$ cat data39.pdb   # PDB, C-alpha atoms
ATOM      1  CA  MET A 128      -7.651 -61.532 -63.110
ATOM      2  CA  GLU A 129      -5.735 -63.211 -60.276
ATOM      3  CA  LYS A 130      -8.717 -62.755 -57.968
ATOM      4  CA  ILE A 131     -11.090 -64.921 -60.011
ATOM      5  CA  PRO A 132     -12.054 -67.932 -57.894
ATOM      6  CA  ASP A 133     -10.583 -71.278 -59.046
ATOM      7  CA  GLN A 134      -8.463 -69.471 -61.618
ATOM      8  CA  ILE A 135      -5.429 -71.496 -62.671
ATOM      9  CA  GLY A 136      -4.338 -69.391 -65.609
ATOM     10  CA  TYR A 137      -5.335 -66.383 -67.683
ATOM     11  CA  LEU A 138      -4.589 -64.572 -70.911
ATOM     12  CA  VAL A 139      -5.542 -61.123 -72.189
ATOM     13  CA  LEU A 140      -5.184 -60.778 -75.941
ATOM     14  CA  THR A 141      -5.658 -58.046 -78.522
ATOM     15  CA  GLU A 142      -8.254 -58.697 -81.229
ATOM     16  CA  ASP A 143      -5.560 -60.052 -83.545
ATOM     17  CA  GLY A 144      -4.332 -62.527 -80.937
ATOM     18  CA  ALA A 145      -1.246 -60.808 -79.516
ATOM     19  CA  VAL A 146      -0.676 -61.544 -75.809
ATOM     20  CA  LEU A 147      -1.073 -58.444 -73.609
ATOM     21  CA  GLU A 148      -1.114 -60.097 -70.206
ATOM     22  CA  SER A 149      -0.817 -63.658 -68.999
ATOM     23  CA  GLY A 150      -0.365 -65.662 -65.844
ATOM     24  CA  GLY A 151      -0.605 -69.062 -64.180
ATOM     25  CA  ASP A 152      -0.843 -72.100 -66.456
ATOM     26  CA  LEU A 153      -1.311 -69.877 -69.479
ATOM     27  CA  GLU A 154       1.731 -67.674 -68.924
ATOM     28  CA  ASN A 155       3.048 -66.608 -72.349
ATOM     29  CA  ASP A 156       1.061 -69.441 -73.890
ATOM     30  CA  GLU A 157       0.954 -68.252 -77.487
ATOM     31  CA  ARG A 158      -0.171 -71.669 -78.694
ATOM     32  CA  VAL A 159      -3.450 -71.451 -76.752
ATOM     33  CA  ALA A 160      -3.739 -67.758 -77.741
ATOM     34  CA  THR A 161      -3.602 -68.654 -81.454
ATOM     35  CA  ILE A 162      -6.004 -71.584 -81.097
ATOM     36  CA  ILE A 163      -8.548 -69.436 -79.280
ATOM     37  CA  THR A 164      -8.350 -66.483 -81.687
ATOM     38  CA  ASP A 165      -8.952 -68.939 -84.542
ATOM     39  CA  LEU A 166     -11.855 -70.444 -82.587
ATOM     40  CA  ILE A 167     -13.421 -66.985 -82.189
ATOM     41  CA  THR A 168     -13.065 -66.314 -85.920
ATOM     42  CA  LEU A 169     -14.738 -69.652 -86.632
ATOM     43  CA  SER A 170     -17.548 -69.100 -84.155
ATOM     44  CA  ASN A 171     -18.567 -65.912 -85.973
ATOM     45  CA  LYS A 172     -19.788 -68.090 -88.803
ATOM     46  CA  VAL A 173     -21.935 -70.485 -86.754
ATOM     47  CA  ASP A 174     -25.449 -70.807 -88.032
ATOM     48  CA  PRO A 175     -26.862 -67.461 -89.188
ATOM     49  CA  LEU A 176     -30.338 -69.034 -89.011
ATOM     50  CA  ALA A 177     -30.224 -70.113 -85.377
ATOM     51  CA  PHE A 178     -28.337 -66.991 -84.342
ATOM     52  CA  GLY A 179     -29.453 -63.835 -86.154
ATOM     53  CA  PRO A 180     -26.884 -61.461 -87.695
ATOM     54  CA  ASN A 181     -27.237 -59.103 -84.730
ATOM     55  CA  GLU A 182     -26.684 -61.812 -82.160
ATOM     56  CA  GLN A 183     -23.035 -61.790 -81.248
ATOM     57  CA  PHE A 184     -21.675 -64.425 -78.910
ATOM     58  CA  LYS A 185     -21.040 -62.985 -75.452
ATOM     59  CA  LYS A 186     -19.178 -65.887 -73.959
ATOM     60  CA  ILE A 187     -17.520 -69.087 -75.078
ATOM     61  CA  SER A 188     -16.703 -71.849 -72.647
ATOM     62  CA  ILE A 189     -14.687 -74.987 -73.289
ATOM     63  CA  THR A 190     -15.231 -77.627 -70.630
ATOM     64  CA  TYR A 191     -12.930 -80.535 -69.897
ATOM     65  CA  ASP A 192     -13.325 -83.091 -67.106
ATOM     66  CA  ASP A 193     -11.404 -81.187 -64.442
ATOM     67  CA  HIS A 194     -10.991 -77.670 -65.820
ATOM     68  CA  TRP A 195     -12.651 -75.231 -68.185
ATOM     69  CA  PHE A 196     -11.774 -72.184 -70.246
ATOM     70  CA  VAL A 197     -14.001 -69.131 -70.294
ATOM     71  CA  ILE A 198     -13.560 -66.685 -73.153
ATOM     72  CA  CYS A 199     -15.109 -63.211 -73.220
ATOM     73  CA  LEU A 200     -14.654 -60.211 -75.454
ATOM     74  CA  SER A 201     -14.645 -56.757 -73.947
ATOM     75  CA  ASN A 202     -13.189 -53.401 -74.904
ATOM     76  CA  LYS A 203     -11.605 -54.898 -78.055
ATOM     77  CA  LYS A 204      -9.681 -57.359 -75.950
ATOM     78  CA  ILE A 205     -10.061 -61.120 -75.586
ATOM     79  CA  TYR A 206     -10.097 -62.378 -72.009
ATOM     80  CA  ILE A 207      -9.384 -66.063 -71.420
ATOM     81  CA  VAL A 208      -9.497 -67.667 -67.988
ATOM     82  CA  LYS A 209      -8.623 -71.253 -67.221
ATOM     83  CA  ARG A 210     -10.497 -72.422 -64.129
ATOM     84  CA  SER A 211     -10.416 -75.676 -62.271
ATOM     85  CA  LEU A 212     -13.579 -77.672 -61.769
ATOM     86  CA  PRO A 213     -14.264 -79.260 -58.394
ATOM     87  CA  THR A 214     -14.271 -82.995 -59.070
ATOM     88  CA  HIS A 215     -17.566 -83.663 -57.318
ATOM     89  CA  VAL A 216     -19.509 -81.196 -59.490
ATOM     90  CA  TYR A 217     -19.095 -82.847 -62.847
ATOM     91  CA  GLU A 218     -20.218 -86.127 -64.229
ATOM     92  CA  GLY A 219     -18.433 -86.633 -67.497
ATOM     93  CA  ASN A 220     -18.305 -83.589 -69.748
ATOM     94  CA  ASN A 221     -20.885 -81.399 -68.109
ATOM     95  CA  VAL A 222     -21.248 -77.737 -68.895
ATOM     96  CA  ILE A 223     -21.467 -75.307 -66.047
ATOM     97  CA  VAL A 224     -23.106 -72.097 -67.108
TER      98      VAL A 224
ATOM     99  CA  MET B  32     -30.672 -97.175 -91.502
ATOM    100  CA  GLU B  33     -30.660 -93.813 -89.731
ATOM    101  CA  LYS B  34     -33.728 -94.650 -87.671
ATOM    102  CA  ASP B  35     -31.757 -94.796 -84.418
ATOM    103  CA  LEU B  36     -30.105 -91.443 -85.046
ATOM    104  CA  ASP B  37     -33.435 -89.869 -85.976
ATOM    105  CA  ARG B  38     -34.909 -91.174 -82.754
ATOM    106  CA  VAL B  39     -32.097 -89.655 -80.682
ATOM    107  CA  VAL B  40     -32.408 -86.312 -82.494
ATOM    108  CA  GLU B  41     -36.159 -86.382 -81.956
ATOM    109  CA  GLU B  42     -35.607 -87.077 -78.270
ATOM    110  CA  ILE B  43     -33.162 -84.169 -77.920
ATOM    111  CA  ILE B  44     -35.415 -81.715 -79.734
ATOM    112  CA  SER B  45     -38.344 -82.592 -77.477
ATOM    113  CA  THR B  46     -36.335 -81.509 -74.407
ATOM    114  CA  PRO B  47     -37.512 -78.166 -72.951
ATOM    115  CA  ASN B  48     -35.687 -75.088 -74.305
ATOM    116  CA  VAL B  49     -33.982 -77.037 -77.087
ATOM    117  CA  LYS B  50     -34.655 -75.331 -80.421
ATOM    118  CA  GLY B  51     -32.340 -77.186 -82.724
ATOM    119  CA  CYS B  52     -30.057 -80.169 -83.006
ATOM    120  CA  LEU B  53     -27.411 -81.220 -85.486
ATOM    121  CA  VAL B  54     -25.194 -84.272 -85.886
ATOM    122  CA  ALA B  55     -22.231 -84.344 -88.259
ATOM    123  CA  ASP B  56     -19.378 -86.700 -89.127
ATOM    124  CA  HIS B  57     -15.635 -85.904 -88.907
ATOM    125  CA  GLN B  58     -15.606 -84.492 -92.434
ATOM    126  CA  GLY B  59     -18.241 -81.939 -91.540
ATOM    127  CA  LEU B  60     -21.007 -83.709 -93.409
ATOM    128  CA  CYS B  61     -24.411 -83.391 -91.816
ATOM    129  CA  LEU B  62     -25.923 -86.687 -90.616
ATOM    130  CA  ALA B  63     -29.043 -85.189 -89.078
ATOM    131  CA  ALA B  64     -30.446 -81.723 -88.439
ATOM    132  CA  LYS B  65     -33.690 -80.617 -86.843
ATOM    133  CA  GLY B  66     -35.254 -77.364 -85.693
ATOM    134  CA  THR B  67     -33.302 -74.127 -86.046
ATOM    135  CA  ALA B  68     -30.037 -75.960 -86.770
ATOM    136  CA  HIS B  69     -29.200 -75.553 -90.436
ATOM    137  CA  VAL B  70     -27.574 -78.351 -92.448
ATOM    138  CA  ASP B  71     -25.039 -75.836 -93.827
ATOM    139  CA  SER B  72     -23.535 -75.132 -90.417
ATOM    140  CA  ALA B  73     -22.368 -78.753 -89.963
ATOM    141  CA  GLY B  74     -18.903 -77.954 -91.360
ATOM    142  CA  ILE B  75     -18.399 -74.960 -89.081
ATOM    143  CA  ILE B  76     -19.576 -76.880 -86.022
ATOM    144  CA  VAL B  77     -17.112 -79.701 -86.677
ATOM    145  CA  ALA B  78     -14.365 -77.114 -87.281
ATOM    146  CA  VAL B  79     -15.164 -75.420 -83.943
ATOM    147  CA  SER B  80     -15.006 -78.742 -82.060
ATOM    148  CA  GLU B  81     -11.739 -79.694 -83.804
ATOM    149  CA  GLN B  82     -10.234 -76.313 -82.962
ATOM    150  CA  ALA B  83     -11.224 -76.696 -79.301
ATOM    151  CA  CYS B  84      -9.666 -80.191 -79.209
ATOM    152  CA  LYS B  85      -6.305 -78.653 -80.172
ATOM    153  CA  ILE B  86      -6.052 -76.860 -76.807
ATOM    154  CA  GLU B  87      -5.525 -80.111 -74.932
ATOM    155  CA  PRO B  88      -4.913 -82.769 -77.591
ATOM    156  CA  ASN B  89      -4.175 -85.450 -74.981
ATOM    157  CA  LEU B  90      -7.480 -85.111 -73.177
ATOM    158  CA  LYS B  91     -10.842 -86.276 -74.398
ATOM    159  CA  PRO B  92     -12.747 -83.760 -76.543
ATOM    160  CA  PRO B  93     -14.246 -80.897 -74.513
ATOM    161  CA  THR B  94     -17.756 -79.489 -74.584
ATOM    162  CA  VAL B  95     -17.827 -76.110 -76.287
ATOM    163  CA  CYS B  96     -20.563 -73.673 -75.346
ATOM    164  CA  LEU B  97     -21.219 -70.538 -77.393
ATOM    165  CA  GLU B  98     -23.547 -68.083 -75.687
ATOM    166  CA  THR B  99     -25.502 -65.019 -76.693
ATOM    167  CA  ASP B 100     -27.867 -63.127 -74.392
ATOM    168  CA  LYS B 101     -30.780 -65.428 -75.161
ATOM    169  CA  LYS B 102     -29.354 -68.511 -76.821
ATOM    170  CA  GLN B 103     -26.742 -71.181 -76.362
ATOM    171  CA  CYS B 104     -25.024 -73.567 -78.718
ATOM    172  CA  LEU B 105     -23.437 -76.646 -77.152
ATOM    173  CA  ILE B 106     -20.984 -78.642 -79.219
ATOM    174  CA  GLN B 107     -19.596 -82.014 -78.186
ATOM    175  CA  ARG B 108     -17.494 -84.473 -80.107
ATOM    176  CA  HIS B 109     -17.613 -88.204 -79.532
ATOM    177  CA  GLY B 110     -15.232 -90.279 -81.629
ATOM    178  CA  THR B 111     -15.756 -89.161 -85.204
ATOM    179  CA  ILE B 112     -19.228 -87.802 -84.568
ATOM    180  CA  THR B 113     -19.940 -84.221 -83.490
ATOM    181  CA  GLY B 114     -23.254 -83.150 -82.028
ATOM    182  CA  ALA B 115     -24.592 -79.636 -81.554
ATOM    183  CA  ILE B 116     -27.587 -78.514 -79.535
ATOM    184  CA  PHE B 117     -29.115 -75.055 -79.902
ATOM    185  CA  LYS B 118     -30.868 -73.930 -76.754
ATOM    186  CA  GLN B 119     -32.972 -70.994 -75.683
ATOM    187  CA  LYS B 120     -32.000 -69.600 -72.283
ATOM    188  CA  ASP B 121     -34.666 -69.457 -69.565
TER     189      ASP B 121
END

$ encode --input "data39.pdb" --output "C-alpha coordinates"
Amino acid sequence: MEKIPDQIGYLVLTEDGAVLESGGDLENDERVATIITDLITLSNKVDPLAFGPNEQFKKISITYDDHWFVICLSNKKIYIVKRSLPTHVYEGNNVIV
Amino acid sequence: MEKDLDRVVEEIISTPNVKGCLVADHQGLCLAAKGTAHVDSAGIIVAVSEQACKIEPNLKPPTVCLETDKKQCLIQRHGTITGAIFKQKD
(Lines of atoms letter the chains of each structure in order from A and count residues from 1; the text may use other names and numbers.)
(Lines give C-alpha, C1' and ligand atoms only; values in the text may rest on other atoms or scores of the structure.)
Protein backbone atom coordinates (compact mmCIF):
# COMPACT_ATOMS: atom_id res chain seq x y z
CA MET A 1 0.00 0.00 0.00
CA GLU A 2 2.89 2.37 0.74
CA LYS A 3 4.06 2.10 -2.86
CA ILE A 4 0.90 3.60 -4.37
CA PRO A 5 1.85 6.87 -6.08
CA ASP A 6 0.59 10.04 -4.34
CA GLN A 7 -0.63 7.97 -1.41
CA ILE A 8 -0.96 10.02 1.77
CA GLY A 9 -2.81 7.49 3.88
CA TYR A 10 -4.41 4.06 3.74
CA LEU A 11 -6.70 1.73 5.62
CA VAL A 12 -7.46 -1.98 5.24
CA LEU A 13 -10.68 -3.02 6.93
CA THR A 14 -12.62 -6.23 7.46
CA GLU A 15 -16.13 -6.36 6.00
CA ASP A 16 -17.60 -5.24 9.33
CA GLY A 17 -15.32 -2.20 9.50
CA ALA A 18 -12.58 -3.33 11.89
CA VAL A 19 -9.16 -1.83 11.08
CA LEU A 20 -6.62 -4.47 9.96
CA GLU A 21 -3.89 -2.19 8.67
CA SER A 22 -3.45 1.55 8.46
CA GLY A 23 -0.84 4.16 7.72
CA GLY A 24 -0.13 7.78 6.85
CA ASP A 25 -2.95 10.29 7.40
CA LEU A 26 -5.39 7.48 8.08
CA GLU A 27 -3.35 5.72 10.75
CA ASN A 28 -5.79 4.13 13.23
CA ASP A 29 -8.49 6.41 11.89
CA GLU A 30 -11.56 4.54 13.10
CA ARG A 31 -13.78 7.54 12.44
CA VAL A 32 -13.11 7.41 8.68
CA ALA A 33 -13.32 3.58 8.83
CA THR A 34 -16.85 3.74 10.28
CA ILE A 35 -17.99 6.46 7.86
CA ILE A 36 -16.76 4.48 4.87
CA THR A 37 -18.25 1.15 5.96
CA ASP A 38 -21.60 2.94 6.39
CA LEU A 39 -21.15 4.52 2.96
CA ILE A 40 -20.59 1.08 1.41
CA THR A 41 -23.72 -0.27 3.09
CA LEU A 42 -25.67 2.70 1.74
CA SER A 43 -24.28 2.39 -1.77
CA ASN A 44 -25.61 -1.17 -2.02
CA LYS A 45 -29.08 0.29 -2.17
CA VAL A 46 -28.47 2.84 -4.94
CA ASP A 47 -30.93 2.58 -7.77
CA PRO A 48 -31.76 -1.04 -8.62
CA LEU A 49 -33.15 0.22 -11.95
CA ALA A 50 -30.03 1.99 -13.17
CA PHE A 51 -27.76 -0.68 -11.73
CA GLY A 52 -29.12 -4.22 -12.07
CA PRO A 53 -29.12 -6.61 -9.09
CA ASN A 54 -26.03 -8.36 -10.45
CA GLU A 55 -24.08 -5.17 -10.90
CA GLN A 56 -21.97 -4.68 -7.82
CA PHE A 57 -19.93 -1.53 -7.44
CA LYS A 58 -16.24 -2.20 -8.07
CA LYS A 59 -14.85 1.09 -6.91
CA ILE A 60 -15.98 4.15 -5.01
CA SER A 61 -14.07 7.39 -5.16
CA ILE A 62 -14.63 10.52 -3.10
CA THR A 63 -12.96 13.56 -4.60
CA TYR A 64 -12.11 16.76 -2.76
CA ASP A 65 -10.25 19.76 -4.17
CA ASP A 66 -6.74 18.60 -3.31
CA HIS A 67 -7.10 14.93 -2.38
CA TRP A 68 -9.31 11.94 -3.04
CA PHE A 69 -10.23 8.64 -1.43
CA VAL A 70 -10.40 5.45 -3.45
CA ILE A 71 -12.33 2.54 -1.97
CA CYS A 72 -12.19 -1.01 -3.34
CA LEU A 73 -13.42 -4.33 -2.07
CA SER A 74 -11.30 -7.41 -2.55
CA ASN A 75 -10.95 -10.74 -0.80
CA LYS A 76 -13.59 -9.75 1.79
CA LYS A 77 -11.53 -6.76 2.79
CA ILE A 78 -12.13 -3.05 2.25
CA TYR A 79 -9.15 -1.13 0.91
CA ILE A 80 -9.16 2.65 1.31
CA VAL A 81 -6.41 4.87 -0.06
CA LYS A 82 -6.18 8.60 0.43
CA ARG A 83 -4.26 10.18 -2.45
CA SER A 84 -3.23 13.73 -3.09
CA LEU A 85 -4.31 15.49 -6.25
CA PRO A 86 -1.81 17.63 -8.13
CA THR A 87 -3.23 21.15 -7.95
CA HIS A 88 -2.92 21.84 -11.66
CA VAL A 89 -5.05 18.83 -12.65
CA TYR A 90 -8.32 19.83 -11.08
CA GLU A 91 -10.68 22.66 -11.68
CA GLY A 92 -13.15 22.68 -8.85
CA ASN A 93 -14.50 19.28 -7.87
CA ASN A 94 -13.44 17.23 -10.84
CA VAL A 95 -13.50 13.46 -10.84
CA ILE A 96 -10.45 11.63 -12.03
CA VAL A 97 -11.30 8.14 -13.13
CA MET B 1 -41.58 27.18 -11.78
CA GLU B 2 -39.24 24.25 -12.35
CA LYS B 3 -38.61 25.19 -15.97
CA ASP B 4 -34.98 26.14 -15.30
CA LEU B 5 -34.26 22.90 -13.49
CA ASP B 6 -35.93 20.88 -16.24
CA ARG B 7 -33.79 22.65 -18.79
CA VAL B 8 -30.59 21.82 -16.89
CA VAL B 9 -31.64 18.18 -16.48
CA GLU B 10 -32.47 18.01 -20.17
CA GLU B 11 -29.06 19.46 -21.00
CA ILE B 12 -27.27 16.91 -18.80
CA ILE B 13 -29.18 13.95 -20.21
CA SER B 14 -28.33 14.98 -23.77
CA THR B 15 -24.60 14.71 -22.98
CA PRO B 16 -22.96 11.62 -24.56
CA ASN B 17 -22.90 8.51 -22.32
CA VAL B 18 -25.26 10.03 -19.76
CA LYS B 19 -28.17 7.65 -19.16
CA GLY B 20 -29.86 9.22 -16.20
CA CYS B 21 -29.96 12.29 -14.01
CA LEU B 22 -31.53 13.07 -10.67
CA VAL B 23 -31.78 16.18 -8.50
CA ALA B 24 -32.92 16.05 -4.88
CA ASP B 25 -33.23 18.44 -1.94
CA HIS B 26 -31.55 18.05 1.48
CA GLN B 27 -34.45 15.98 2.80
CA GLY B 28 -34.01 13.43 0.06
CA LEU B 29 -37.06 14.54 -1.88
CA CYS B 30 -36.72 14.23 -5.62
CA LEU B 31 -36.86 17.55 -7.51
CA ALA B 32 -36.23 16.10 -10.95
CA ALA B 33 -35.39 12.71 -12.44
CA LYS B 34 -34.83 11.65 -16.03
CA GLY B 35 -33.63 8.56 -17.85
CA THR B 36 -32.57 5.50 -15.86
CA ALA B 37 -32.49 7.45 -12.58
CA HIS B 38 -35.45 6.41 -10.47
CA VAL B 39 -37.32 8.90 -8.27
CA ASP B 40 -37.16 6.40 -5.37
CA SER B 41 -33.37 6.52 -5.19
CA ALA B 42 -33.33 10.25 -4.31
CA GLY B 43 -33.22 9.51 -0.57
CA ILE B 44 -30.32 7.07 -0.87
CA ILE B 45 -28.36 9.44 -3.10
CA VAL B 46 -28.70 12.29 -0.61
CA ALA B 47 -27.74 9.90 2.21
CA VAL B 48 -24.61 8.82 0.29
CA SER B 49 -23.55 12.44 -0.29
CA GLU B 50 -24.20 13.33 3.37
CA GLN B 51 -22.18 10.33 4.52
CA ALA B 52 -19.27 11.33 2.27
CA CYS B 53 -19.39 14.90 3.64
CA LYS B 54 -18.77 13.51 7.15
CA ILE B 55 -15.23 12.44 6.20
CA GLU B 56 -14.03 16.03 5.97
CA PRO B 57 -16.81 18.16 7.46
CA ASN B 58 -14.75 21.36 7.16
CA LEU B 59 -14.18 21.08 3.44
CA LYS B 60 -16.72 21.67 0.72
CA PRO B 61 -18.80 18.63 -0.24
CA PRO B 62 -16.86 16.09 -2.33
CA THR B 63 -17.85 14.38 -5.56
CA VAL B 64 -18.70 10.74 -4.96
CA CYS B 65 -18.27 8.30 -7.82
CA LEU B 66 -19.69 4.78 -7.65
CA GLU B 67 -18.42 2.50 -10.40
CA THR B 68 -19.37 -0.86 -11.81
CA ASP B 69 -17.69 -2.47 -14.82
CA LYS B 70 -19.90 -0.64 -17.29
CA LYS B 71 -21.57 2.17 -15.41
CA GLN B 72 -20.82 5.11 -13.18
CA CYS B 73 -22.88 7.13 -10.76
CA LEU B 74 -21.56 10.59 -9.89
CA ILE B 75 -23.02 12.36 -6.89
CA GLN B 76 -22.32 15.98 -6.02
CA ARG B 77 -23.86 18.20 -3.40
CA HIS B 78 -24.18 21.94 -3.77
CA GLY B 79 -25.71 23.78 -0.83
CA THR B 80 -28.91 21.94 -0.01
CA ILE B 81 -29.25 20.42 -3.46
CA THR B 82 -27.75 17.07 -4.46
CA GLY B 83 -27.34 16.01 -8.06
CA ALA B 84 -26.62 12.55 -9.43
CA ILE B 85 -25.58 11.57 -12.93
CA PHE B 86 -25.71 7.99 -14.18
CA LYS B 87 -23.20 7.34 -16.93
CA GLN B 88 -22.33 4.49 -19.23
CA LYS B 89 -18.59 3.88 -19.53
CA ASP B 90 -17.01 4.03 -22.99

$ resolve_selection --input "data39.pdb" --expression "the ChimeraX specification (/B :<12) & /A" --output "ChimeraX atom specification"
/A:153,156-200,209,219-224

$ atom_distance --input "data39.pdb" --atom1 "CA of Asp121 (chain B)" --atom2 "CA of Val40 (chain B)"
21.4 Å

$ atom_distance --input "data39.pdb" --atom1 "CA of Gly151 (chain A)" --atom2 "CA of Pro213 (chain A)"
18.0 Å

$ atom_distance --input "data39.pdb" --atom1 "CA of Asn155 (chain A)" --atom2 "CA of Ile207 (chain A)"
12.5 Å

$ closest_residue --input "data39.pdb" --among "A:Glu154, A:Glu148, A:Pro132, A:Leu140" --to "Lys203 (chain A)" --atoms "all atoms listed in the file"
A:Leu140

$ resolve_selection --input "data39.pdb" --expression "the PyMOL selection byres ((chain A and resi 139) around 9)" --output "number ranges by chain"
A: 137-138, 140-141, 144-149, 160, 204-208

$ closest_residue --input "data39.pdb" --among "B:Lys65, B:Ala55, B:Leu60, B:Thr111" --to "Glu41 (chain B)" --atoms "all atoms listed in the file"
B:Lys65

$ resolve_selection --input "data39.pdb" --expression "the PyMOL selection byres ((chain B and resi 112) around 8)" --output "short mmCIF file (atom, residue, chain, number, x, y, z; two decimals) with C-alpha atoms, keeping the file's coordinate frame"
data_model
loop_
_atom_site.label_atom_id
_atom_site.label_comp_id
_atom_site.auth_asym_id
_atom_site.auth_seq_id
_atom_site.Cartn_x
_atom_site.Cartn_y
_atom_site.Cartn_z
CA VAL B 54 -25.19 -84.27 -85.89
CA ALA B 55 -22.23 -84.34 -88.26
CA ASP B 56 -19.38 -86.70 -89.13
CA HIS B 57 -15.64 -85.90 -88.91
CA ARG B 108 -17.49 -84.47 -80.11
CA HIS B 109 -17.61 -88.20 -79.53
CA GLY B 110 -15.23 -90.28 -81.63
CA THR B 111 -15.76 -89.16 -85.20
CA THR B 113 -19.94 -84.22 -83.49
CA GLY B 114 -23.25 -83.15 -82.03
#

$ decode --input "data39.pdb" --residues "region 69-84 of chain B" --atoms "N, CA and C atoms" --output "PDB file, in the first residue's frame"
ATOM      1  N   HIS B  69     -34.110   6.599 -11.000  1.00  0.00           N
ATOM      2  CA  HIS B  69     -35.454   6.410 -10.470  1.00  0.00           C
ATOM      3  C   HIS B  69     -35.708   7.372  -9.318  1.00  0.00           C
ATOM      4  N   VAL B  70     -36.913   7.937  -9.304  1.00  0.00           N
ATOM      5  CA  VAL B  70     -37.322   8.898  -8.270  1.00  0.00           C
ATOM      6  C   VAL B  70     -37.057   8.335  -6.866  1.00  0.00           C
ATOM      7  N   ASP B  71     -37.287   7.033  -6.691  1.00  0.00           N
ATOM      8  CA  ASP B  71     -37.157   6.402  -5.372  1.00  0.00           C
ATOM      9  C   ASP B  71     -35.729   6.414  -4.825  1.00  0.00           C
ATOM     10  N   SER B  72     -34.741   6.577  -5.687  1.00  0.00           N
ATOM     11  CA  SER B  72     -33.370   6.516  -5.186  1.00  0.00           C
ATOM     12  C   SER B  72     -32.869   7.873  -4.681  1.00  0.00           C
ATOM     13  N   ALA B  73     -33.722   8.907  -4.755  1.00  0.00           N
ATOM     14  CA  ALA B  73     -33.327  10.247  -4.315  1.00  0.00           C
ATOM     15  C   ALA B  73     -32.835  10.234  -2.860  1.00  0.00           C
ATOM     16  N   GLY B  74     -33.571   9.561  -1.992  1.00  0.00           N
ATOM     17  CA  GLY B  74     -33.221   9.508  -0.567  1.00  0.00           C
ATOM     18  C   GLY B  74     -31.849   8.904  -0.351  1.00  0.00           C
ATOM     19  N   ILE B  75     -31.604   7.782  -1.013  1.00  0.00           N
ATOM     20  CA  ILE B  75     -30.323   7.075  -0.873  1.00  0.00           C
ATOM     21  C   ILE B  75     -29.179   7.936  -1.385  1.00  0.00           C
ATOM     22  N   ILE B  76     -29.410   8.606  -2.508  1.00  0.00           N
ATOM     23  CA  ILE B  76     -28.356   9.440  -3.101  1.00  0.00           C
ATOM     24  C   ILE B  76     -27.977  10.595  -2.161  1.00  0.00           C
ATOM     25  N   VAL B  77     -28.980  11.215  -1.566  1.00  0.00           N
ATOM     26  CA  VAL B  77     -28.699  12.290  -0.608  1.00  0.00           C
ATOM     27  C   VAL B  77     -27.970  11.715   0.613  1.00  0.00           C
ATOM     28  N   ALA B  78     -28.393  10.535   1.060  1.00  0.00           N
ATOM     29  CA  ALA B  78     -27.736   9.895   2.210  1.00  0.00           C
ATOM     30  C   ALA B  78     -26.272   9.592   1.903  1.00  0.00           C
ATOM     31  N   VAL B  79     -25.991   9.116   0.690  1.00  0.00           N
ATOM     32  CA  VAL B  79     -24.607   8.819   0.287  1.00  0.00           C
ATOM     33  C   VAL B  79     -23.781  10.109   0.316  1.00  0.00           C
ATOM     34  N   SER B  80     -24.323  11.199  -0.253  1.00  0.00           N
ATOM     35  CA  SER B  80     -23.547  12.445  -0.292  1.00  0.00           C
ATOM     36  C   SER B  80     -23.337  12.993   1.119  1.00  0.00           C
ATOM     37  N   GLU B  81     -24.349  12.860   1.981  1.00  0.00           N
ATOM     38  CA  GLU B  81     -24.203  13.331   3.370  1.00  0.00           C
ATOM     39  C   GLU B  81     -23.145  12.523   4.107  1.00  0.00           C
ATOM     40  N   GLN B  82     -23.145  11.222   3.874  1.00  0.00           N
ATOM     41  CA  GLN B  82     -22.184  10.330   4.520  1.00  0.00           C
ATOM     42  C   GLN B  82     -20.758  10.697   4.097  1.00  0.00           C
ATOM     43  N   ALA B  83     -20.594  10.970   2.786  1.00  0.00           N
ATOM     44  CA  ALA B  83     -19.271  11.328   2.273  1.00  0.00           C
ATOM     45  C   ALA B  83     -18.796  12.663   2.854  1.00  0.00           C
ATOM     46  N   CYS B  84     -19.739  13.587   3.077  1.00  0.00           N
ATOM     47  CA  CYS B  84     -19.394  14.900   3.642  1.00  0.00           C
ATOM     48  C   CYS B  84     -18.822  14.764   5.049  1.00  0.00           C
TER      49      CYS B  84
END
